[in-house]
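Student: Following this message is one structure expressed as structure tokens.
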Amino acid sequence: MNRTSAMNAVFRVEVRKLVRSPVGVIASVALVGGTLVLLGGITAALASGNPDLVAKLGPAATRDWAGLLSSAAQVTAAGGLLGCGVVLAWLFGREFADGTITGLFALPVSRGRIALGKLAVYAVWVVGLSLLLTLGLLGLGALLGYGGPTGGAWAALGRQLLLGVLTGAVATPIAWVATVTRSLLAGVGCAIGLVVVSQVAVLAGAGAWLPLAGPALWAMSHGTEVTAWQLALVPAFAVAFTVLACSSWTRLRLNR
Amino acid sequence: MLTFEQVSLSFGEGIGVAELDLAVAEGEIVALVGLNGAGKTTLMRLAVGMLRPDSGTVRVLGHALRELPSARWCGVGALVEVPLAYPELTVRENLRIACLLRGSDPRCVERALDDWRLGPVADRRFRRLSLGNRQRTGLASVLQHDPQLIVLDEPSNALDPSSVLVLRDQLTKRAAEGAAVVVSSHHLDEVARIADRIVLLNAGRLIGELDPTGRDLERTFFDRIHDDDTSRAAECEQTS
């Protein structure tokens with residue numbers, strides 16, 4: 001069994017597990033369907049002229065493409081990180097919770113490669129979901145009668161697509177935490193912690209330099225408040241935690 | 001096929017195993033017996049790399065564990081504690097993923113379903129199976145690729161008498177084809193039927209062997225354990 005066939009095997013196994021699990025299905029439906037329903041609800045509330053909601057939404061309180069996509073970025077930044085985090089915590093933590101980690105020893109596929117396979121499946125899932133959500137937003141805008149997207153709306157849709165992918169990328173520490181603690185719940189706790197840290201960082205004005213908050217700030221400011229260098233920290237952050245997670249799986253011993 | 005050379009491992013709360021020397025040859029079935037906490041599962045975990053010894057060397061298929069090429073693990077079938085079976089997948093799917101991860105011939109899945117009489121539940125999700133069927137699925141998944149080295153911790157747990165017969169047939173068949181087999185068990189009578197050697201483990205140490213053809217194995221077993229406990233207690237008194 002060479003490296004390519006080993007990776008191929010792990011990828012196929014992890015895809016099957018994710019597709020067949022309630023966690024994968026519910027998270028996918030919640031992140032795409034839930035976001036669209038929420039945005040539809042916000043638009044309906046705006047149409048009623050609720051002044052409190054208008055004040056809370058700020059620049060997103062307009063019934064057009066700009067308002068819709070600004071709200072979508074806000075929902076994706078917080079809800080997306082939490083949803084992606086839960087799936088990632090499950091992908092890694094479930095092996096410890098279900099006890100199946102013992103069956104992942106004595107295999108011709110190394111555990112480091114199994115961890116990499118899990119992250120590869122997660123990456124594909126995140127990209128697919130982000131694409132679906134972006135297409136869903138296009139459909140929702142059309143349904144709400146906003147007409148065809150203008151140049152600015154297309155750019156915002158592009159940022160929304162990238163925001164979804166980058167939000168998935170900044171969740172990678174959860175894989176490492178679930179592995180080191182050998183706990184699914186610790187992974188979920190980490191996901192909540194990441195959301196809190198990103199919100200606090202934005203309030204403190206340090207969001208642009210923090211990979212956890214940078215993508216959301218970038219999408220919501222139409223790309224003006226975060227530089228390309230600051231945004232480039234996100235993939236570096238994800239790669240660093242991917243290496244940490246895979247290395248932890250490679251060195252894993254079941255002595256506790 | 002599997003050797004332990006002066007292997008020791010201690011845990012924070014006490015000793016795990018101490019100065020283990022054990023060799024399991026091709027075509028041999030070795031049964032490990034001991035009371036709860038004697039170190040049987042620790043020994044099994046050491047054999048498949050779940051634990052790393054503090055000292056000594058574990059060799060699998062002729063290689064020290066640290067130097068064993070990943071690909072050689074396809075010749076090993078191990079079931080220690082929980083089987084590699086996911087609740088959301090069916091029995092057939094679980095056997096397929098075990099097959100995929102070992103790079104073995106996918107046709108072995110249908111054969112395993114047949115051998116282990118899992119046909120009627122093949123398309124049932126693992127979470128909906130009885131304990132006995134779960135254990136049979138786990139055993140099928142680690143034996144379907146005809147491994148050269150088999151490591152099974154309490155394999156007859158939860159099995160009904162007919163499944164125990166299947167297990168016995170499978171292990172003797174694999175051993176006849178040259179596989180080395182290590183099983184741990186509480187059931188002396190059961191292991192005596194298939195084992196070439198019965199190795200006694202007490203308080204983390206190998207304390208000798210029992211003759212599988214001997215009479216009144218249980219009494220002999222308890223006498224040996226009692227003698228070992230008594231001599232250790234005497235040693236402790238002397239040293240203190």
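Residues in the structure tokens are named by chain (A, B, ... in the order shown) and by number from 1 within that chain; ligands are numbered from 1 in the order shown.
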Show me, as an MDAnalysis selection string, the residues of chain B whose atoms get within 8 Å of chain A, using only C-alpha atoms for the distance check.

Tutor: chainID B and resid 11 48:52 70:74 76:86 88:89 97 100:103

Student: Using C-alpha atoms, can you export the residues from the last selection as a short mmCIF file (atom, residue, chain, number, x, y, z; two decimals), in the first residue's frame?

Tutor:
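Now in again21.cif:
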data_model
loop_
_atom_site.label_atom_id
_atom_site.label_comp_id
_atom_site.auth_asym_id
_atom_site.auth_seq_id
_atom_site.Cartn_x
_atom_site.Cartn_y
_atom_site.Cartn_z
CA PHE B 11 1.88 3.62 34.90
CA VAL B 48 0.24 -3.10 18.50
CA GLY B 49 2.00 0.15 19.40
CA MET B 50 -0.77 1.74 21.43
CA LEU B 51 1.75 1.98 24.25
CA ARG B 52 5.51 2.41 24.15
CA SER B 70 3.80 1.02 7.88
CA ALA B 71 2.99 -1.32 4.99
CA ARG B 72 3.87 -4.40 7.11
CA TRP B 73 0.91 -3.71 9.39
CA CYS B 74 -1.34 -5.10 6.64
CA VAL B 76 -1.55 -7.89 11.33
CA GLY B 77 -5.10 -8.24 12.63
CA ALA B 78 -5.67 -6.84 16.10
CA LEU B 79 -8.79 -6.37 18.18
CA VAL B 80 -7.89 -4.75 21.47
CA GLU B 81 -10.85 -3.36 23.42
CA VAL B 82 -13.10 -1.57 20.86
CA PRO B 83 -13.45 -2.79 17.25
CA LEU B 84 -12.91 -0.41 14.34
CA ALA B 85 -16.61 -0.16 13.58
CA TYR B 86 -18.62 3.02 13.32
CA GLU B 88 -23.55 5.12 11.59
CA LEU B 89 -22.29 2.54 9.09
CA ILE B 97 -13.63 0.35 5.39
CA LEU B 100 -9.87 -0.32 2.38
CA LEU B 101 -7.59 0.80 5.22
CA ARG B 102 -5.58 -2.41 4.92
CA GLY B 103 -5.45 -2.32 1.13
#

Student: Which residues are near A:Leu163? Cut-off 6 Å, only C-alpha atoms, ignore same chain within fewer than 4 positions. Put them as a PyMOL selection string.

Tutor: chain A and resi 159+167+215

Student: Expressed in Å to a single decimal, how great is the separation between atom CA of A:Leu143 and atom CA of A:Val127?

Tutor: 24.2 Å

Student: What's the 9 Å shell around stretch 178-193 of chain B, counting only C-alpha atoms, without same-chain residues fewer than 3 positions away, as a ChimeraX atom specification?

Tutor: /B:1-2,24-36,40-41,44,146-157,164,168,171,173-175,196-198,211-214,217-218,221

Student: Compile the contact shell of A:Ala78 as a compact mmCIF listing (two decimals) with C-alpha atoms, in the first residue's frame: residues with an atom at most 9 Å away, counting only C-alpha atoms, same-chain residues fewer than 5 positions apart removed.

Tutor:
# COMPACT_ATOMS: atom_id res chain seq x y z
CA ALA A 73 -21.01 37.95 6.26
CA GLY A 83 -20.77 25.04 12.85
CA THR A 167 -13.83 30.62 8.40
CA VAL A 195 -15.94 32.53 18.49
CA VAL A 196 -15.62 34.48 21.76
CA SER A 198 -12.72 36.58 17.60
CA GLN A 199 -15.57 38.81 18.84
CA ALA A 216 -14.96 38.49 8.83

Student: Applying 12 Å and only C-alpha atoms, which residues near A:Leu46 remain after dropping the ones on its own chain fewer than 3 positions away? List them as number ranges by chain.

Tutor: A: 39-43, 49-58, 60-64, 67-68, 71

Student: Keeping only C-alpha atoms, write the selected residues as a PDB file, in the first residue's frame.

Tutor:
ATOM      1  CA  LEU A  39     -31.374  36.102   6.313  1.00  0.00           C
ATOM      2  CA  GLY A  40     -34.884  35.778   4.899  1.00  0.00           C
ATOM      3  CA  GLY A  41     -36.255  36.462   8.383  1.00  0.00           C
ATOM      4  CA  ILE A  42     -34.029  39.503   8.847  1.00  0.00           C
ATOM      5  CA  THR A  43     -35.192  40.880   5.484  1.00  0.00           C
ATOM      6  CA  GLY A  49     -39.733  48.817   9.521  1.00  0.00           C
ATOM      7  CA  ASN A  50     -38.679  47.707  13.029  1.00  0.00           C
ATOM      8  CA  PRO A  51     -36.451  50.649  14.176  1.00  0.00           C
ATOM      9  CA  ASP A  52     -34.551  48.552  16.775  1.00  0.00           C
ATOM     10  CA  LEU A  53     -33.526  46.033  14.147  1.00  0.00           C
ATOM     11  CA  VAL A  54     -32.534  48.799  11.732  1.00  0.00           C
ATOM     12  CA  ALA A  55     -30.286  50.292  14.417  1.00  0.00           C
ATOM     13  CA  LYS A  56     -28.737  46.914  15.269  1.00  0.00           C
ATOM     14  CA  LEU A  57     -28.000  45.994  11.667  1.00  0.00           C
ATOM     15  CA  GLY A  58     -26.326  49.318  10.894  1.00  0.00           C
ATOM     16  CA  ALA A  60     -26.646  45.968   6.673  1.00  0.00           C
ATOM     17  CA  ALA A  61     -30.126  47.436   7.235  1.00  0.00           C
ATOM     18  CA  THR A  62     -30.935  47.902   3.571  1.00  0.00           C
ATOM     19  CA  ARG A  63     -33.178  45.751   1.415  1.00  0.00           C
ATOM     20  CA  ASP A  64     -30.743  45.277  -1.451  1.00  0.00           C
ATOM     21  CA  GLY A  67     -27.579  44.735   2.876  1.00  0.00           C
ATOM     22  CA  LEU A  68     -28.184  41.030   2.230  1.00  0.00           C
ATOM     23  CA  SER A  71     -25.799  40.399   6.935  1.00  0.00           C
TER      24      SER A  71
END
